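The structure appears below as C-alpha cells.
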Amino acid sequence: MELTYKSLLDFEFRHEYFRNFPDRFTYVPQGQTLELMGKRGLLFKKRNNGFTILYQAIKGEGEQLIPLRSLPGRFAFRFWITALSPHAGILSDLPLMRAGSRILYFDNVHDRKDGTTLYLNADAPTDPFAGEKDIVTMAFGTWRNEQSATEPVPVRVQDVFGNVIEVRVSQPVEGKVRSQLELAGIGKGFIRLTPGTGDAESFYIPESVPPPRVFAAIDLYAGKDIPPAYAFTDHNGMPSSPKTFTCRVENRKSIWRYMVVPRFNTGLTAAQLSIEHMDAEHAFLPAGDITTPAGEAAFLIESDGPVPHGEEPVKGLALKKGITKLIAELPNPGPEQIRAHREGFYSEVYVYV
C-alpha cells in the first residue's frame, strides 16, 4: 500500500500593508480542531501566506487516489491568524479593534465567490476586503444587558447559520430588565445575541485559549448546509475537489501632515514651501502657518486626500523652497504616528529645517 497526501483545502491570506512580506502573520489550529485532525490523519501545513490541510490517500485501481479515512458528516475546522507585528490593527483599513477583545472572523457558510475566487469576508464579492461586518467580540466571561422595560425580554441566541439555538427570558424588576448569559457554555464559534428588539451583538467562542496578538479566527464548516462551491467534503464525509479560500485586508490610509519647523531657516514663509511627489501620485495642499504644541512657529503641509501606508515606503516626496529641494526624501509616517479622528485618520511627521 502506497500512502500519499492530497490537498483537502487551502487558505490564503493577504494584508495589503505587508503584501511583499506575507510572513508577518502566522496560522495555528485551535484545540479541538487539532485533536480532530490527529484522529483523522490530517496534516496541517503552514505557509507564509496561509496554510494547507492534507489528507491521507492510497492508490487504487488505475492509479486513482482513495482517501484512507472519511471525515464526520458535519464538523468545523477552527484556526487562528496571529499578527507578528504589534501594529497590525492600526495598519489595517478597519475600525480600531481593542487587542485581545475584538478580532476579525471569517467562515465559509455563505456563497461570496467572485468567479473562481472563494472569498470569506462578509461584503464579498462587492468588496473583496474585510470590513466592519467581519469584526466580532471575543466571548469571555458573562454577557450582560440592561434596558428599560415593563414586559419580559427574550434574548435570542443564534448560531452562524442563523438558527435560534436558545432563548432566555428575563423578567422586569422596577421598570428594568437585566439579562445575562455565561458565554462559554453556549457552544463554539460564532454566535449572535439579540435582546428583545435591541441591537444584535456578535461574539466568538473559541475552542481553546487564543494566542497573543490574535488577529482573526477562521471557521471552515463541512456539512449539508454549506454552499456547493465552498464544500470541501461530500455528504458522506469524503473529500471533494480541493478548495482555496481567500481573505484580504486593506492597508490603512490617512491624511499625511508634515509639520515643518524652521529651526535653522528662520526667514522661511509659508508661501515659499511645498511638498511635491516625484511620481505625481500624491498631491499636497499649500503650506499654512501654525504653532506647535511646544509653542514654536511652524508650517503645516497636508496631503490632498488619504495616502496609503505600506511596509514599502512612498518614495520621492520632496520638501521644496521654491524650486530648491530642502529635503529630497521626506520620511513616511510610521504606525506609531497614525491617529484616529472623528473624520478619519491622520498622521503627523515633524520636520526640522
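Letters A, B, ... go to the chains of the C-alpha cells in the order shown; residues in each chain start at 1; ligands are counted from 1 in the same order.
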Exercise. Enumerate as a ChimeraX atom specification all residues of stretch 89-334 of chain A assigned to strand (DSSP E) by DSSP on the backbone, naming them with the chain letters and numbers the document uses.
Key: /A:102-107,118-119,135-138,142-148,153-158,164-170,172-173,176-182,189-195,201-205,214-222,243-249,253-261,273-277,288-291,297-302,307-308,317-321,324-327
Sorted per-residue table, stretch 18-95 of chain A near stretch 244-251 of chain A, closest atoms and distance, 10 Å, only C-alpha atoms, as CSV:
residue,atom,partner,partner_atom,distance
A:Phe18,CA,A:Asn251,CA,8.3
A:Arg19,CA,A:Asn251,CA,9.4
A:Gly50,CA,A:Thr246,CA,9.2
A:Phe51,CA,A:Thr244,CA,9.9
A:Thr52,CA,A:Thr244,CA,8.9
A:Ala88,CA,A:Asn251,CA,9.4
A:Gly89,CA,A:Asn251,CA,9.7
A:Ile90,CA,A:Asn251,CA,9.0
A:Leu91,CA,A:Asn251,CA,5.8
A:Ser92,CA,A:Asn251,CA,4.7
A:Asp93,CA,A:Asn251,CA,5.1
A:Leu94,CA,A:Glu250,CA,8.1
Quiz item: Which polymer residues have any atom within 8 Å of an atom of stretch 286-294 of chain A, counting only C-alpha atoms, with same-chain residues fewer than 2 positions away left out, as an NGL selection string?
Solution: :A and (270-271 or 273-274 or 284 or 296-302)
Just N, CA and C atoms for this one: save the residues we selected as a PDB file, in the first residue's frame.
ATOM      1  N   ALA A 270       5.352  80.601   4.572  1.00  0.00           N
ATOM      2  CA  ALA A 270       4.503  79.517   4.071  1.00  0.00           C
ATOM      3  C   ALA A 270       4.435  79.528   2.546  1.00  0.00           C
ATOM      4  N   ALA A 271       4.429  80.724   1.957  1.00  0.00           N
ATOM      5  CA  ALA A 271       4.305  80.833   0.501  1.00  0.00           C
ATOM      6  C   ALA A 271       5.493  80.210  -0.226  1.00  0.00           C
ATOM      7  N   LEU A 273       7.080  77.390   0.680  1.00  0.00           N
ATOM      8  CA  LEU A 273       7.209  75.959   0.917  1.00  0.00           C
ATOM      9  C   LEU A 273       6.172  75.132   0.157  1.00  0.00           C
ATOM     10  N   SER A 274       6.589  73.949  -0.230  1.00  0.00           N
ATOM     11  CA  SER A 274       5.667  72.999  -0.867  1.00  0.00           C
ATOM     12  C   SER A 274       6.249  71.594  -0.740  1.00  0.00           C
ATOM     13  N   PHE A 284      -0.172  67.539  -2.425  1.00  0.00           N
ATOM     14  CA  PHE A 284      -0.206  68.159  -1.108  1.00  0.00           C
ATOM     15  C   PHE A 284      -0.744  69.578  -1.216  1.00  0.00           C
ATOM     16  N   GLU A 296       6.233  76.573  19.183  1.00  0.00           N
ATOM     17  CA  GLU A 296       7.113  77.014  18.106  1.00  0.00           C
ATOM     18  C   GLU A 296       6.300  77.396  16.870  1.00  0.00           C
ATOM     19  N   ALA A 297       6.735  78.442  16.187  1.00  0.00           N
ATOM     20  CA  ALA A 297       6.137  78.791  14.899  1.00  0.00           C
ATOM     21  C   ALA A 297       6.535  77.732  13.881  1.00  0.00           C
ATOM     22  N   ALA A 298       5.577  77.274  13.084  1.00  0.00           N
ATOM     23  CA  ALA A 298       5.852  76.210  12.119  1.00  0.00           C
ATOM     24  C   ALA A 298       4.894  76.332  10.949  1.00  0.00           C
ATOM     25  N   PHE A 299       5.040  75.422   9.985  1.00  0.00           N
ATOM     26  CA  PHE A 299       4.187  75.392   8.796  1.00  0.00           C
ATOM     27  C   PHE A 299       3.583  73.993   8.667  1.00  0.00           C
ATOM     28  N   LEU A 300       2.326  73.947   8.301  1.00  0.00           N
ATOM     29  CA  LEU A 300       1.630  72.673   8.119  1.00  0.00           C
ATOM     30  C   LEU A 300       1.372  72.450   6.638  1.00  0.00           C
ATOM     31  N   ILE A 301       1.796  71.263   6.144  1.00  0.00           N
ATOM     32  CA  ILE A 301       1.517  70.863   4.769  1.00  0.00           C
ATOM     33  C   ILE A 301       0.848  69.500   4.819  1.00  0.00           C
ATOM     34  N   GLU A 302      -0.401  69.442   4.332  1.00  0.00           N
ATOM     35  CA  GLU A 302      -1.193  68.223   4.388  1.00  0.00           C
ATOM     36  C   GLU A 302      -1.361  67.608   3.005  1.00  0.00           C
TER      37      GLU A 302
END
Quiz item: Which of stretch 25-59 of chain A counts as alpha helix (DSSP H) under DSSP, as a ChimeraX atom specification please?
Solution: /A:31-39
Saved selection, atoms kept: N, CA, C and O atoms, as a PDB file, in the first residue's frame:
ATOM      1  N   GLY A  31      -7.760  24.157  19.555  1.00  0.00           N
ATOM      2  CA  GLY A  31      -7.567  22.910  20.290  1.00  0.00           C
ATOM      3  C   GLY A  31      -8.331  21.712  19.766  1.00  0.00           C
ATOM      4  O   GLY A  31      -7.739  20.667  19.449  1.00  0.00           O
ATOM      5  N   GLN A  32      -9.658  21.788  19.671  1.00  0.00           N
ATOM      6  CA  GLN A  32     -10.449  20.641  19.225  1.00  0.00           C
ATOM      7  C   GLN A  32     -10.193  20.314  17.760  1.00  0.00           C
ATOM      8  O   GLN A  32     -10.276  19.144  17.347  1.00  0.00           O
ATOM      9  N   THR A  33      -9.876  21.329  16.972  1.00  0.00           N
ATOM     10  CA  THR A  33      -9.539  21.098  15.556  1.00  0.00           C
ATOM     11  C   THR A  33      -8.263  20.282  15.456  1.00  0.00           C
ATOM     12  O   THR A  33      -8.166  19.348  14.636  1.00  0.00           O
ATOM     13  N   LEU A  34      -7.278  20.591  16.288  1.00  0.00           N
ATOM     14  CA  LEU A  34      -6.023  19.842  16.286  1.00  0.00           C
ATOM     15  C   LEU A  34      -6.269  18.383  16.666  1.00  0.00           C
ATOM     16  O   LEU A  34      -5.690  17.462  16.065  1.00  0.00           O
ATOM     17  N   GLU A  35      -7.172  18.143  17.629  1.00  0.00           N
ATOM     18  CA  GLU A  35      -7.499  16.771  18.019  1.00  0.00           C
ATOM     19  C   GLU A  35      -8.191  16.019  16.886  1.00  0.00           C
ATOM     20  O   GLU A  35      -7.878  14.852  16.608  1.00  0.00           O
ATOM     21  N   LEU A  36      -9.151  16.692  16.225  1.00  0.00           N
ATOM     22  CA  LEU A  36      -9.861  16.071  15.103  1.00  0.00           C
ATOM     23  C   LEU A  36      -8.897  15.713  13.979  1.00  0.00           C
ATOM     24  O   LEU A  36      -8.972  14.600  13.412  1.00  0.00           O
ATOM     25  N   MET A  37      -7.990  16.614  13.669  1.00  0.00           N
ATOM     26  CA  MET A  37      -7.039  16.358  12.590  1.00  0.00           C
ATOM     27  C   MET A  37      -6.144  15.173  12.930  1.00  0.00           C
ATOM     28  O   MET A  37      -5.831  14.348  12.056  1.00  0.00           O
ATOM     29  N   GLY A  38      -5.740  15.068  14.198  1.00  0.00           N
ATOM     30  CA  GLY A  38      -4.902  13.939  14.607  1.00  0.00           C
ATOM     31  C   GLY A  38      -5.626  12.611  14.480  1.00  0.00           C
ATOM     32  O   GLY A  38      -5.059  11.616  14.009  1.00  0.00           O
ATOM     33  N   LYS A  39      -6.905  12.578  14.864  1.00  0.00           N
ATOM     34  CA  LYS A  39      -7.691  11.341  14.811  1.00  0.00           C
ATOM     35  C   LYS A  39      -7.965  10.900  13.370  1.00  0.00           C
ATOM     36  O   LYS A  39      -8.107   9.715  13.090  1.00  0.00           O
TER      37      LYS A  39
END
I'd like the contact shell of A:Glu151 - 10 Å cut-off, only C-alpha atoms, skipping same-chain residues fewer than 5 positions apart - returned as a short mmCIF file (atom, residue, chain, number, x, y, z; two decimals) with all heavy atoms, in the first residue's frame.
data_model
loop_
_atom_site.label_atom_id
_atom_site.label_comp_id
_atom_site.auth_asym_id
_atom_site.auth_seq_id
_atom_site.Cartn_x
_atom_site.Cartn_y
_atom_site.Cartn_z
N SER A 170 -35.84 37.18 30.50
CA SER A 170 -35.59 37.86 31.77
C SER A 170 -36.80 38.71 32.13
O SER A 170 -37.42 39.34 31.26
CB SER A 170 -34.34 38.74 31.66
OG SER A 170 -33.21 37.96 31.36
N GLN A 171 -37.12 38.74 33.42
CA GLN A 171 -38.30 39.43 33.90
C GLN A 171 -37.96 40.86 34.34
O GLN A 171 -36.85 41.12 34.82
CB GLN A 171 -38.91 38.66 35.08
CG GLN A 171 -39.32 37.24 34.76
CD GLN A 171 -40.42 37.17 33.72
OE1 GLN A 171 -41.31 38.03 33.67
NE2 GLN A 171 -40.36 36.14 32.88
N PRO A 172 -38.92 41.77 34.19
CA PRO A 172 -38.67 43.16 34.62
C PRO A 172 -38.71 43.28 36.14
O PRO A 172 -39.47 42.61 36.83
CB PRO A 172 -39.83 43.92 33.97
CG PRO A 172 -40.92 42.92 33.82
CD PRO A 172 -40.24 41.60 33.56
N VAL A 173 -37.87 44.15 36.64
CA VAL A 173 -37.85 44.49 38.06
C VAL A 173 -37.74 46.01 38.17
O VAL A 173 -36.75 46.61 37.73
CB VAL A 173 -36.65 43.83 38.79
CG1 VAL A 173 -36.63 44.26 40.26
CG2 VAL A 173 -36.73 42.32 38.68
N GLY A 175 -39.17 48.35 36.51
CA GLY A 175 -39.06 49.04 35.23
C GLY A 175 -37.80 48.76 34.44
O GLY A 175 -37.57 49.39 33.40
N LYS A 176 -36.98 47.83 34.89
CA LYS A 176 -35.75 47.48 34.15
C LYS A 176 -35.65 45.98 34.00
O LYS A 176 -36.07 45.21 34.87
CB LYS A 176 -34.51 48.02 34.86
CG LYS A 176 -34.38 49.54 34.83
CD LYS A 176 -33.05 49.97 35.39
CE LYS A 176 -32.92 51.49 35.37
NZ LYS A 176 -32.94 52.02 34.00
N VAL A 177 -35.07 45.56 32.88
CA VAL A 177 -34.79 44.14 32.65
C VAL A 177 -33.29 43.96 32.52
O VAL A 177 -32.65 44.59 31.67
CB VAL A 177 -35.50 43.62 31.39
CG1 VAL A 177 -35.07 42.18 31.10
CG2 VAL A 177 -37.01 43.69 31.54
#
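For the atom pair formed by atom CA of A:Ala124 and atom CA of A:Arg112, the distance is 5.3 Å, given to one decimal.
The space separating atom CA of A:Ala216 from atom CA of A:Ile103 comes to 5.1 Å.
Considering only C-alpha atoms, the residue among A:Lys320, A:Gly189, A:Pro152, A:Lys113 positioned nearest to A:Ile218 is A:Gly189.
The nearest approach to A:Gln147 among the residues A:Gly196, A:Gly131, A:Pro210, A:Gly185, with only C-alpha atoms taken into account, belongs to A:Gly196.
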Exercise. Please identify all polymer residues within 7 Å of A:Gly316, counting only C-alpha atoms, omitting same-chain residues fewer than 3 positions from it, and present them as a list in words.
Key: His277, Met278, Asp279 and Glu329 of chain A
Quiz item: Just how far from atom CA of A:Trp80 is atom CA of A:Asn145, in Å to one decimal?
Solution: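 One can read the atom CA of A:Asn145 to atom CA of A:Trp80 distance as 28.6 Å.
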Self-check item: Nearest to A:Arg178 by atom-to-atom distance, counting only C-alpha atoms, from A:Pro262, A:Pro308, A:Pro331, A:Pro195
Solution: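 Comparing A:Pro262, A:Pro308, A:Pro331, A:Pro195 against A:Arg178, the winner is A:Pro195.
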Practice problem: Pick out the closest residue to A:Val351 from this set: A:Asn332, A:Asn108, A:Gln180, A:Thr197. Count only C-alpha atoms. | Solution: A:Asn332
Quiz prompt | Close residues, A:Phe264 itself excluded, 10 Å, only C-alpha atoms, min 3 positions apart in chain, as a list in words | solution = Val261, Gly267, Leu268, Tyr352 and Val353 of chain A
Write the residues of the selection above to a file with C-alpha atoms, as a PDB file, in the first residue's frame.
ATOM      1  CA  VAL A 261       9.661  73.709  11.983  1.00  0.00           C
ATOM      2  CA  GLY A 267      13.294  83.587   7.275  1.00  0.00           C
ATOM      3  CA  LEU A 268      11.021  80.966   5.692  1.00  0.00           C
ATOM      4  CA  TYR A 352      13.148  70.484  11.166  1.00  0.00           C
ATOM      5  CA  VAL A 353      14.844  72.738   8.602  1.00  0.00           C
TER       6      VAL A 353
END
Self-check item: Among the residues A:Ala222, A:Ala280, A:Met238, A:Ala231, the one that comes closest to A:Arg74 [using only C-alpha atoms]
Solution: A:Ala222
Practice problem: Give the answer as one residue: which of A:Thr126, A:Ser208, A:Thr142, A:Thr266 has the shortest atom-to-atom distance to A:Leu183, using only C-alpha atoms? | Solution: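 Ranking A:Thr126, A:Ser208, A:Thr142, A:Thr266 by distance to A:Leu183, first place goes to A:Thr142.
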